[in-house]
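query-v8.cif (mmCIF, C-alpha atoms and all ligand atoms) appears below.
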```
data_target
loop_
_atom_site.group_PDB
_atom_site.id
_atom_site.type_symbol
_atom_site.label_atom_id
_atom_site.label_comp_id
_atom_site.auth_asym_id
_atom_site.auth_seq_id
_atom_site.Cartn_x
_atom_site.Cartn_y
_atom_site.Cartn_z
ATOM 1 C CA MET A 1 1.435 4.288 18.272
ATOM 2 C CA PRO A 2 0.414 7.412 16.317
ATOM 3 C CA ASP A 3 3.241 9.539 17.676
ATOM 4 C CA ALA A 4 6.128 7.607 16.108
ATOM 5 C CA SER A 5 8.328 9.437 13.589
ATOM 6 C CA PHE A 6 11.046 8.209 11.242
ATOM 7 C CA ILE A 7 14.276 9.522 9.748
ATOM 8 C CA GLY A 8 15.099 9.321 6.060
ATOM 9 C CA ILE A 9 18.619 9.906 4.750
ATOM 10 C CA ASP A 10 19.406 10.662 1.124
ATOM 11 C CA LEU A 11 23.091 9.897 0.560
ATOM 12 C CA GLY A 12 24.345 11.568 -2.608
ATOM 13 C CA GLY A 13 27.672 12.369 -4.218
ATOM 14 C CA THR A 14 27.262 16.090 -3.546
ATOM 15 C CA GLN A 15 24.888 16.260 -0.563
ATOM 16 C CA VAL A 16 23.833 14.213 2.422
ATOM 17 C CA ARG A 17 20.312 15.101 3.508
ATOM 18 C CA ALA A 18 18.248 13.966 6.464
ATOM 19 C CA ALA A 19 14.650 14.555 7.484
ATOM 20 C CA ALA A 20 12.361 13.458 10.283
ATOM 21 C CA ILE A 21 8.971 12.500 8.931
ATOM 22 C CA GLU A 22 5.551 11.684 10.387
ATOM 23 C CA ARG A 23 3.706 8.525 9.390
ATOM 24 C CA ASP A 24 1.607 10.583 6.947
ATOM 25 C CA GLY A 25 4.709 11.927 5.160
ATOM 26 C CA THR A 26 4.774 15.365 6.781
ATOM 27 C CA ILE A 27 8.365 16.583 7.055
ATOM 28 C CA LEU A 28 8.993 17.714 10.653
ATOM 29 C CA GLU A 29 12.628 18.722 10.461
ATOM 30 C CA ARG A 30 15.359 18.624 7.823
ATOM 31 C CA ARG A 31 19.116 19.141 7.597
ATOM 32 C CA THR A 32 21.578 19.097 4.677
ATOM 33 C CA ALA A 33 25.374 18.924 4.492
ATOM 34 C CA PRO A 34 27.755 18.922 1.508
ATOM 35 C CA THR A 35 29.091 15.363 1.229
ATOM 36 C CA ASP A 36 32.480 15.138 2.970
ATOM 37 C CA ARG A 37 34.150 13.329 0.080
ATOM 38 C CA ALA A 38 37.665 14.054 1.345
ATOM 39 C CA GLY A 39 36.773 12.575 4.732
ATOM 40 C CA GLY A 40 35.933 9.216 3.159
ATOM 41 C CA VAL A 41 33.628 6.759 4.888
ATOM 42 C CA ALA A 42 34.471 8.014 8.389
ATOM 43 C CA GLY A 43 33.754 11.607 7.396
ATOM 44 C CA VAL A 44 30.382 10.833 5.801
ATOM 45 C CA VAL A 45 29.327 8.542 8.658
ATOM 46 C CA ALA A 46 30.127 11.354 11.107
ATOM 47 C CA GLN A 47 27.986 13.675 8.966
ATOM 48 C CA MET A 48 25.086 11.222 9.054
ATOM 49 C CA GLU A 49 25.392 10.945 12.812
ATOM 50 C CA ALA A 50 25.303 14.743 13.179
ATOM 51 C CA LEU A 51 22.359 15.096 10.764
ATOM 52 C CA ILE A 52 20.403 12.403 12.624
ATOM 53 C CA ALA A 53 21.138 14.130 15.942
ATOM 54 C CA GLY A 54 19.865 17.365 14.392
ATOM 55 C CA VAL A 55 16.486 16.004 13.286
ATOM 56 C CA ARG A 56 15.694 13.245 15.795
ATOM 57 C CA SER A 57 13.263 13.553 18.671
ATOM 58 C CA PRO A 58 12.164 11.234 21.480
ATOM 59 C CA ARG A 59 9.489 9.990 19.040
ATOM 60 C CA THR A 60 12.034 8.790 16.436
ATOM 61 C CA ARG A 61 11.851 5.016 15.947
ATOM 62 C CA ALA A 62 14.071 4.045 12.982
ATOM 63 C CA VAL A 63 16.338 5.282 10.176
ATOM 64 C CA GLY A 64 16.189 4.505 6.430
ATOM 65 C CA ILE A 65 19.094 5.308 4.098
ATOM 66 C CA GLY A 66 18.905 5.557 0.301
ATOM 67 C CA ILE A 67 22.058 4.141 -1.308
ATOM 68 C CA PRO A 68 23.135 5.328 -4.794
ATOM 69 C CA GLY A 69 24.889 2.061 -5.550
ATOM 70 C CA ALA A 70 25.083 -1.641 -4.743
ATOM 71 C CA PHE A 71 24.331 -3.002 -1.295
ATOM 72 C CA ASP A 72 23.433 -6.242 0.470
ATOM 73 C CA ALA A 73 19.995 -5.724 1.988
ATOM 74 C CA ALA A 74 20.148 -8.757 4.293
ATOM 75 C CA ARG A 75 23.450 -7.730 5.894
ATOM 76 C CA GLY A 76 22.868 -3.973 5.682
ATOM 77 C CA THR A 77 26.209 -3.623 3.912
ATOM 78 C CA VAL A 78 27.132 -1.123 1.210
ATOM 79 C CA LEU A 79 29.006 -3.026 -1.516
ATOM 80 C CA ASP A 80 29.990 -0.160 -3.805
ATOM 81 C CA ILE A 81 29.000 3.463 -4.475
ATOM 82 C CA PRO A 82 30.488 4.631 -7.800
ATOM 83 C CA ALA A 83 30.096 8.322 -6.901
ATOM 84 C CA LEU A 84 31.846 7.953 -3.515
ATOM 85 C CA PRO A 85 35.341 6.451 -3.565
ATOM 86 C CA GLY A 86 36.163 4.113 -0.676
ATOM 87 C CA TRP A 87 32.602 2.928 -0.073
ATOM 88 C CA THR A 88 33.293 -0.779 -0.529
ATOM 89 C CA ASP A 89 31.981 -3.445 1.883
ATOM 90 C CA ILE A 90 30.847 -0.996 4.564
ATOM 91 C CA PRO A 91 28.429 -2.454 7.182
ATOM 92 C CA LEU A 92 26.541 0.845 7.261
ATOM 93 C CA SER A 93 23.371 -0.367 9.027
ATOM 94 C CA ASP A 94 25.377 -1.731 11.969
ATOM 95 C CA ILE A 95 27.541 1.388 12.154
ATOM 96 C CA VAL A 96 24.591 3.797 12.217
ATOM 97 C CA GLU A 97 22.674 1.607 14.675
ATOM 98 C CA ALA A 98 25.669 1.464 17.009
ATOM 99 C CA ARG A 99 26.124 5.232 16.920
ATOM 100 C CA THR A 100 22.471 6.259 17.227
ATOM 101 C CA GLY A 101 20.728 3.350 18.940
ATOM 102 C CA LEU A 102 18.116 3.426 16.146
ATOM 103 C CA PRO A 103 17.267 0.414 13.936
ATOM 104 C CA THR A 104 18.582 1.229 10.448
ATOM 105 C CA VAL A 105 17.748 -0.109 6.991
ATOM 106 C CA LEU A 106 19.357 0.438 3.569
ATOM 107 C CA GLU A 107 17.522 0.615 0.254
ATOM 108 C CA ASN A 108 18.343 1.381 -3.387
ATOM 109 C CA ASP A 109 17.859 5.097 -4.112
ATOM 110 C CA ALA A 110 15.473 4.624 -7.069
ATOM 111 C CA LYS A 111 13.298 2.217 -5.061
ATOM 112 C CA ILE A 112 13.310 4.671 -2.164
ATOM 113 C CA ALA A 113 12.074 7.431 -4.484
ATOM 114 C CA ALA A 114 9.395 5.056 -5.794
ATOM 115 C CA LEU A 115 8.302 4.398 -2.215
ATOM 116 C CA GLY A 116 8.097 8.143 -1.542
ATOM 117 C CA GLU A 117 6.035 8.790 -4.683
ATOM 118 C CA TRP A 118 3.811 5.809 -3.877
ATOM 119 C CA ARG A 119 3.072 6.862 -0.300
ATOM 120 C CA SER A 120 2.722 10.609 -0.749
ATOM 121 C CA GLY A 121 3.324 11.630 -4.377
ATOM 122 C CA GLY A 122 2.279 10.703 -7.908
ATOM 123 C CA GLY A 123 1.515 7.049 -7.128
ATOM 124 C CA ARG A 124 -0.571 7.624 -4.010
ATOM 125 C CA GLY A 125 -3.431 5.186 -3.525
ATOM 126 C CA LEU A 126 -2.488 2.894 -6.431
ATOM 127 C CA ALA A 127 -1.996 -0.867 -6.065
ATOM 128 C CA ASN A 128 0.097 -1.063 -9.264
ATOM 129 C CA PHE A 129 2.392 1.663 -10.450
ATOM 130 C CA ALA A 130 5.835 2.140 -11.946
ATOM 131 C CA TYR A 131 8.255 4.886 -10.995
ATOM 132 C CA VAL A 132 10.889 5.623 -13.626
ATOM 133 C CA THR A 133 13.549 8.249 -12.995
ATOM 134 C CA VAL A 134 15.204 9.651 -16.112
ATOM 135 C CA SER A 135 18.241 11.737 -15.205
ATOM 136 C CA THR A 136 21.964 10.944 -15.526
ATOM 137 C CA GLY A 137 20.863 7.325 -15.892
ATOM 138 C CA ILE A 138 17.490 5.565 -15.809
ATOM 139 C CA GLY A 139 16.338 3.820 -12.645
ATOM 140 C CA GLY A 140 13.073 2.361 -11.512
ATOM 141 C CA GLY A 141 10.907 1.127 -8.707
ATOM 142 C CA ILE A 142 7.864 -1.025 -9.321
ATOM 143 C CA VAL A 143 4.872 -1.374 -7.012
ATOM 144 C CA LEU A 144 2.832 -4.489 -7.795
ATOM 145 C CA GLU A 145 -0.284 -5.489 -5.882
ATOM 146 C CA ASN A 146 0.506 -3.052 -3.086
ATOM 147 C CA ARG A 147 4.141 -4.070 -2.612
ATOM 148 C CA LEU A 148 7.350 -2.459 -3.768
ATOM 149 C CA ILE A 149 9.038 -5.364 -5.534
ATOM 150 C CA ARG A 150 12.617 -6.006 -4.459
ATOM 151 C CA GLY A 151 13.456 -9.415 -5.898
ATOM 152 C CA HIS A 152 16.390 -11.614 -4.950
ATOM 153 C CA ARG A 153 18.921 -9.538 -2.975
ATOM 154 C CA GLY A 154 16.823 -6.439 -3.692
ATOM 155 C CA LEU A 155 18.028 -6.257 -7.279
ATOM 156 C CA ALA A 156 14.711 -6.048 -9.170
ATOM 157 C CA GLY A 157 13.692 -2.983 -11.158
ATOM 158 C CA GLU A 158 16.799 -2.128 -13.194
ATOM 159 C CA VAL A 159 14.692 -0.991 -16.137
ATOM 160 C CA GLY A 160 17.458 1.296 -17.417
ATOM 161 C CA HIS A 161 19.617 -1.649 -18.444
ATOM 162 C CA THR A 162 17.066 -3.501 -20.527
ATOM 163 C CA ARG A 163 18.482 -3.707 -24.039
ATOM 164 C CA ILE A 164 16.422 -1.641 -26.434
ATOM 165 C CA THR A 165 18.446 -1.123 -29.621
ATOM 166 C CA ASP A 166 21.103 -2.762 -31.782
ATOM 167 C CA ARG A 167 22.648 0.579 -32.586
ATOM 168 C CA SER A 168 26.045 1.347 -31.117
ATOM 169 C CA ALA A 169 25.143 3.170 -27.908
ATOM 170 C CA PRO A 170 27.615 2.711 -25.059
ATOM 171 C CA CYS A 171 26.014 2.492 -21.618
ATOM 172 C CA SER A 172 27.383 3.363 -18.168
ATOM 173 C CA CYS A 173 27.209 -0.383 -17.377
ATOM 174 C CA GLY A 174 29.838 -1.160 -20.019
ATOM 175 C CA HIS A 175 27.439 -2.750 -22.514
ATOM 176 C CA GLN A 176 25.679 -1.407 -25.602
ATOM 177 C CA GLY A 177 22.125 -0.492 -26.480
ATOM 178 C CA CYS A 178 20.550 -0.215 -23.002
ATOM 179 C CA TRP A 179 17.473 2.004 -22.579
ATOM 180 C CA GLU A 180 19.592 4.282 -20.375
ATOM 181 C CA ALA A 181 22.164 4.635 -23.167
ATOM 182 C CA VAL A 182 19.618 6.176 -25.561
ATOM 183 C CA ALA A 183 16.937 7.808 -23.366
ATOM 184 C CA SER A 184 18.644 9.162 -20.208
ATOM 185 C CA GLY A 185 19.312 12.838 -19.579
ATOM 186 C CA THR A 186 22.916 12.117 -20.535
ATOM 187 C CA ALA A 187 21.769 10.760 -23.915
ATOM 188 C CA LEU A 188 19.412 13.729 -24.376
ATOM 189 C CA ALA A 189 22.277 16.169 -23.779
ATOM 190 C CA ARG A 190 24.424 14.265 -26.269
ATOM 191 C CA ALA A 191 21.644 14.447 -28.886
ATOM 192 C CA ALA A 192 21.257 18.164 -28.151
ATOM 193 C CA GLN A 193 24.950 18.794 -28.715
ATOM 194 C CA ALA A 194 24.854 16.865 -32.000
ATOM 195 C CA ALA A 195 21.885 18.996 -33.120
ATOM 196 C CA VAL A 196 23.734 22.199 -32.195
ATOM 197 C CA THR A 197 26.690 21.139 -34.339
ATOM 198 C CA LEU A 198 24.373 20.518 -37.310
ATOM 199 C CA GLU A 199 22.225 23.634 -36.766
ATOM 200 C CA PRO A 200 24.481 26.383 -35.365
ATOM 201 C CA ALA A 201 21.896 29.090 -36.173
ATOM 202 C CA SER A 202 19.089 27.441 -34.175
ATOM 203 C CA ARG A 203 17.550 28.818 -30.983
ATOM 204 C CA LEU A 204 18.941 25.709 -29.254
ATOM 205 C CA ALA A 205 22.490 26.604 -30.339
ATOM 206 C CA THR A 206 21.994 30.212 -29.202
ATOM 207 C CA LEU A 207 20.839 29.087 -25.749
ATOM 208 C CA ALA A 208 23.787 26.735 -25.346
ATOM 209 C CA GLY A 209 26.290 29.350 -26.507
ATOM 210 C CA ALA A 210 29.890 28.280 -26.046
ATOM 211 C CA ARG A 211 29.194 25.488 -23.543
ATOM 212 C CA PRO A 212 27.898 21.994 -24.371
ATOM 213 C CA ALA A 213 24.102 21.901 -24.818
ATOM 214 C CA THR A 214 22.056 20.378 -21.983
ATOM 215 C CA GLY A 215 18.658 18.755 -21.591
ATOM 216 C CA GLU A 216 17.434 22.005 -20.005
ATOM 217 C CA ASP A 217 18.502 23.903 -23.155
ATOM 218 C CA VAL A 218 16.447 21.521 -25.299
ATOM 219 C CA THR A 219 13.394 21.960 -23.088
ATOM 220 C CA GLN A 220 13.695 25.748 -23.051
ATOM 221 C CA ALA A 221 14.327 25.981 -26.804
ATOM 222 C CA ALA A 222 11.358 23.694 -27.503
ATOM 223 C CA ARG A 223 9.162 25.948 -25.352
ATOM 224 C CA ASP A 224 10.475 28.830 -27.503
ATOM 225 C CA ARG A 225 9.228 26.817 -30.535
ATOM 226 C CA CYS A 226 12.686 25.949 -31.869
ATOM 227 C CA PRO A 227 12.083 23.226 -34.512
ATOM 228 C CA VAL A 228 15.544 21.715 -33.958
ATOM 229 C CA ALA A 229 14.864 21.254 -30.233
ATOM 230 C CA GLY A 230 11.392 19.953 -31.074
ATOM 231 C CA GLN A 231 12.930 17.230 -33.224
ATOM 232 C CA VAL A 232 15.408 16.270 -30.471
ATOM 233 C CA LEU A 233 12.497 15.908 -28.029
ATOM 234 C CA ARG A 234 10.465 13.849 -30.536
ATOM 235 C CA GLU A 235 13.358 11.387 -30.740
ATOM 236 C CA GLU A 236 13.651 11.346 -26.937
ATOM 237 C CA ALA A 237 9.898 10.687 -26.721
ATOM 238 C CA ALA A 238 10.227 7.764 -29.155
ATOM 239 C CA TRP A 239 12.928 6.147 -26.979
ATOM 240 C CA LEU A 240 10.914 6.760 -23.826
ATOM 241 C CA ALA A 241 7.853 5.201 -25.475
ATOM 242 C CA ALA A 242 9.849 2.105 -26.446
ATOM 243 C CA GLY A 243 11.020 1.618 -22.851
ATOM 244 C CA PHE A 244 7.624 2.380 -21.330
ATOM 245 C CA VAL A 245 6.107 -0.289 -23.606
ATOM 246 C CA ASN A 246 8.500 -2.804 -22.010
ATOM 247 C CA VAL A 247 7.535 -1.575 -18.535
ATOM 248 C CA GLN A 248 3.852 -1.872 -19.443
ATOM 249 C CA HIS A 249 4.194 -5.368 -20.897
ATOM 250 C CA LEU A 250 6.170 -6.608 -17.888
ATOM 251 C CA TYR A 251 4.255 -5.013 -15.018
ATOM 252 C CA ALA A 252 0.959 -3.557 -16.328
ATOM 253 C CA PRO A 253 1.005 -0.497 -14.055
ATOM 254 C CA GLU A 254 -2.070 1.720 -13.779
ATOM 255 C CA ARG A 255 0.202 4.732 -13.943
ATOM 256 C CA ILE A 256 3.811 5.500 -14.821
ATOM 257 C CA VAL A 257 5.299 8.243 -12.660
ATOM 258 C CA MET A 258 8.323 9.829 -14.290
ATOM 259 C CA GLY A 259 10.966 11.523 -12.148
ATOM 260 C CA GLY A 260 14.406 12.986 -12.826
ATOM 261 C CA GLY A 261 15.418 16.074 -14.782
ATOM 262 C CA VAL A 262 14.011 14.864 -18.117
ATOM 263 C CA SER A 263 10.512 14.716 -16.583
ATOM 264 C CA LYS A 264 10.505 18.531 -16.703
ATOM 265 C CA ALA A 265 9.914 18.146 -20.460
ATOM 266 C CA LEU A 266 7.189 15.505 -20.054
ATOM 267 C CA ASP A 267 4.366 17.878 -21.052
ATOM 268 C CA LEU A 268 6.187 18.603 -24.341
ATOM 269 C CA MET A 269 6.681 14.892 -25.099
ATOM 270 C CA LEU A 270 3.532 13.298 -23.694
ATOM 271 C CA ALA A 271 1.481 13.133 -26.912
ATOM 272 C CA ASP A 272 4.408 11.564 -28.808
ATOM 273 C CA ILE A 273 5.108 9.106 -25.976
ATOM 274 C CA ARG A 274 1.468 8.022 -25.883
ATOM 275 C CA ARG A 275 1.312 7.641 -29.667
ATOM 276 C CA GLY A 276 4.565 5.653 -29.700
ATOM 277 C CA MET A 277 3.280 3.340 -26.985
ATOM 278 C CA ARG A 278 -0.101 2.829 -28.634
ATOM 279 C CA GLU A 279 1.601 1.612 -31.826
ATOM 280 C CA ARG A 280 3.513 -1.116 -29.996
ATOM 281 C CA LEU A 281 1.342 -2.351 -27.138
ATOM 282 C CA LEU A 282 -0.152 -5.820 -27.289
ATOM 283 C CA PRO A 283 -3.916 -6.122 -27.690
ATOM 284 C CA GLY A 284 -5.595 -5.699 -24.328
ATOM 285 C CA HIS A 285 -2.985 -3.264 -23.013
ATOM 286 C CA ALA A 286 -4.004 0.372 -22.844
ATOM 287 C CA VAL A 287 -1.529 3.229 -22.530
ATOM 288 C CA PRO A 288 -1.379 3.908 -18.770
ATOM 289 C CA GLU A 289 -1.526 7.358 -17.259
ATOM 290 C CA ILE A 290 1.908 8.972 -17.474
ATOM 291 C CA VAL A 291 2.537 11.775 -14.999
ATOM 292 C CA ALA A 292 5.512 13.696 -13.644
ATOM 293 C CA ALA A 293 6.726 12.906 -10.131
ATOM 294 C CA GLN A 294 5.352 15.215 -7.446
ATOM 295 C CA LEU A 295 7.929 15.140 -4.654
ATOM 296 C CA GLY A 296 10.902 16.369 -6.704
ATOM 297 C CA ASP A 297 14.171 16.199 -4.771
ATOM 298 C CA ASP A 298 12.306 15.130 -1.630
ATOM 299 C CA ALA A 299 11.174 11.759 -3.038
ATOM 300 C CA GLY A 300 14.313 9.989 -1.793
ATOM 301 C CA LEU A 301 14.171 11.651 1.601
ATOM 302 C CA VAL A 302 10.489 10.891 2.188
ATOM 303 C CA GLY A 303 10.824 7.377 0.743
ATOM 304 C CA ALA A 304 13.793 6.564 2.990
ATOM 305 C CA ALA A 305 11.730 7.537 6.022
ATOM 306 C CA TYR A 306 8.862 5.338 4.793
ATOM 307 C CA ARG A 307 11.363 2.482 4.443
ATOM 308 C CA ALA A 308 12.301 3.062 8.098
ATOM 309 C CA LEU A 309 8.601 2.937 8.990
ATOM 310 C CA GLU A 310 8.323 -0.404 7.147
ATOM 311 C CA LEU A 311 11.293 -1.728 9.110
ATOM 312 C CA TRP A 312 9.727 -0.642 12.373
ATOM 313 C CA THR A 313 6.305 -2.116 11.600
ATOM 314 C CA GLY A 314 7.905 -5.335 10.336
ATOM 315 C CA ARG A 315 6.613 -5.119 6.770
HETATM 316 ZN ZN ZN B 401 23.395 -0.532 -19.334
#
```
Once you've parsed the file, please lay out its structure as structure tokens.
Amino acid sequence: MPDASFIGIDLGGTQVRAAAIERDGTILERRTAPTDRAGGVAGVVAQMEALIAGVRSPRTRAVGIGIPGAFDAARGTVLDIPALPGWTDIPLSDIVEARTGLPTVLENDAKIAALGEWRSGGGRGLANFAYVTVSTGIGGGIVLENRLIRGHRGLAGEVGHTRITDRSAPCSCGHQGCWEAVASGTALARAAQAAVTLEPASRLATLAGARPATGEDVTQAARDRCPVAGQVLREEAAWLAAGFVNVQHLYAPERIVMGGGVSKALDLMLADIRRGMRERLLPGHAVPEIVAAQLGDDAGLVGAAYRALELWTGR
């Protein structure tokens, strides 16, 4: 049935986005609304219903929703979304199905983005690839032998919480020393601010001015050849290399696709990342291709629609 189309929903703490997408990934129609946080679950569900009504057509067959938190895939229930208070034990699949008449499936937001990049972005055509998003935290989605791996209860792929250092580095999960704690965009911004304090005359400090330094400041200052920013990025590259070595040893991807805000500095860090990986990889492992994600903010939207397609085709 070549005419079928699918709806992807990207549920975020600041925006809810929906798009209708063809089987080949072409976006037919899209709508965005600022997340109705004050309206709670009922408010956001009403927004989803309106967004779906805005993008659906008689050809629409199913809905996929990316969840930025914990959920039970088998029951289609949201267990907890840290960024959205009140989202505890919500049978979201059933609710959306009842309101729209469309079969609905939930999926982790990082896995959804991996699916989007696999089907129509940086991982297209590969049987084995790893998607790693480095932003506020670090998340991942792994495609092995032509399948996005989900694991028991859909929990596989939490690469950000692999322990990577003994140094005191508090993580968002409550533990110490996770990859996310030392290599995320949050960690990069913290390193940038520390560098600004030590080097108040640097280009990096000038860019940041009176506000706390950000990852974007580091990237810009490094492009302006600021040696302080260059050093911050070399340290970031070393942490990324250490984590990518783990990803490579565990999954042996042909390519690592890096998403999230920190990937905007990938070109500045790539040589250091590759060198760091080469030093630590086991014999027989080569450094895989490492590329920036191609779909940007649309990865979750496109991936959610592909998840809906999978639901509809019974994959
Ligand atoms: Zn952690």
Practice prompt. Go through the shown structure with the PyMOL selection byres (((not hetatm)) within 12 of (chain B and resi 401)) and write out the matching residues as a PyMOL selection string.
Written response: chain A and resi 137-139+158-165+169-184
For the selection you just gave me, I'd like the residues written to a file as a PDB file, in the coordinates of the input, keeping C-alpha atoms.
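Saved the output as out_33.pdb:
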```
ATOM      1  CA  GLY A 137      20.863   7.325 -15.892  1.00  0.00           C
ATOM      2  CA  ILE A 138      17.490   5.565 -15.809  1.00  0.00           C
ATOM      3  CA  GLY A 139      16.338   3.820 -12.645  1.00  0.00           C
ATOM      4  CA  GLU A 158      16.799  -2.128 -13.194  1.00  0.00           C
ATOM      5  CA  VAL A 159      14.692  -0.991 -16.137  1.00  0.00           C
ATOM      6  CA  GLY A 160      17.458   1.296 -17.417  1.00  0.00           C
ATOM      7  CA  HIS A 161      19.617  -1.649 -18.444  1.00  0.00           C
ATOM      8  CA  THR A 162      17.066  -3.501 -20.527  1.00  0.00           C
ATOM      9  CA  ARG A 163      18.482  -3.707 -24.039  1.00  0.00           C
ATOM     10  CA  ILE A 164      16.422  -1.641 -26.434  1.00  0.00           C
ATOM     11  CA  THR A 165      18.446  -1.123 -29.621  1.00  0.00           C
ATOM     12  CA  ALA A 169      25.143   3.170 -27.908  1.00  0.00           C
ATOM     13  CA  PRO A 170      27.615   2.711 -25.059  1.00  0.00           C
ATOM     14  CA  CYS A 171      26.014   2.492 -21.618  1.00  0.00           C
ATOM     15  CA  SER A 172      27.383   3.363 -18.168  1.00  0.00           C
ATOM     16  CA  CYS A 173      27.209  -0.383 -17.377  1.00  0.00           C
ATOM     17  CA  GLY A 174      29.838  -1.160 -20.019  1.00  0.00           C
ATOM     18  CA  HIS A 175      27.439  -2.750 -22.514  1.00  0.00           C
ATOM     19  CA  GLN A 176      25.679  -1.407 -25.602  1.00  0.00           C
ATOM     20  CA  GLY A 177      22.125  -0.492 -26.480  1.00  0.00           C
ATOM     21  CA  CYS A 178      20.550  -0.215 -23.002  1.00  0.00           C
ATOM     22  CA  TRP A 179      17.473   2.004 -22.579  1.00  0.00           C
ATOM     23  CA  GLU A 180      19.592   4.282 -20.375  1.00  0.00           C
ATOM     24  CA  ALA A 181      22.164   4.635 -23.167  1.00  0.00           C
ATOM     25  CA  VAL A 182      19.618   6.176 -25.561  1.00  0.00           C
ATOM     26  CA  ALA A 183      16.937   7.808 -23.366  1.00  0.00           C
ATOM     27  CA  SER A 184      18.644   9.162 -20.208  1.00  0.00           C
TER      28      SER A 184
END
```
Item to complete: Name the residues captured by the PyMOL selection byres (((chain A and resi 53-60) around 12) and not hetatm) when it is applied to the shown file; answer as a PyMOL selection string.
Response: chain A and resi 1-9+17-23+27-33+46-52+61-64+96+99-104+305+308-309+312
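The coordinates place CA of Arg37 in chain A at 7.8 Å from CA of Gly13 in chain A.
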Item to complete: Identify all residues satisfying the PyMOL selection byres (((chain A and resi 270) around 12) and not hetatm) in the given file; provide them as number ranges by chain.
Response: A: 233-234, 236-238, 240-241, 244, 256, 258, 262-269, 271-277, 287-292
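If you look at CA of Gly185 in chain A and CA of Thr133 in chain A, they are 9.9 Å away from each other.
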I want to know what sits within 6 Å of Gln294 in chain A, based on only C-alpha atoms, with residues of the same chain fewer than 2 positions away left out; could you give that as a PDB file with C-alpha atoms, in the frame of the given file?
```
ATOM      1  CA  GLY A 121       3.324  11.630  -4.377  1.00  0.00           C
ATOM      2  CA  GLY A 122       2.279  10.703  -7.908  1.00  0.00           C
ATOM      3  CA  GLY A 296      10.902  16.369  -6.704  1.00  0.00           C
TER       4      GLY A 296
END
```
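Separating CA of Val196 in chain A from CA of Thr219 in chain A is a distance of 13.8 Å.
If all atoms listed in the file are the atoms counted, then among A:Ile81, A:Ser135, A:Gly39, A:Gly125 the closest residue to Thr214 in chain A is A:Ser135.
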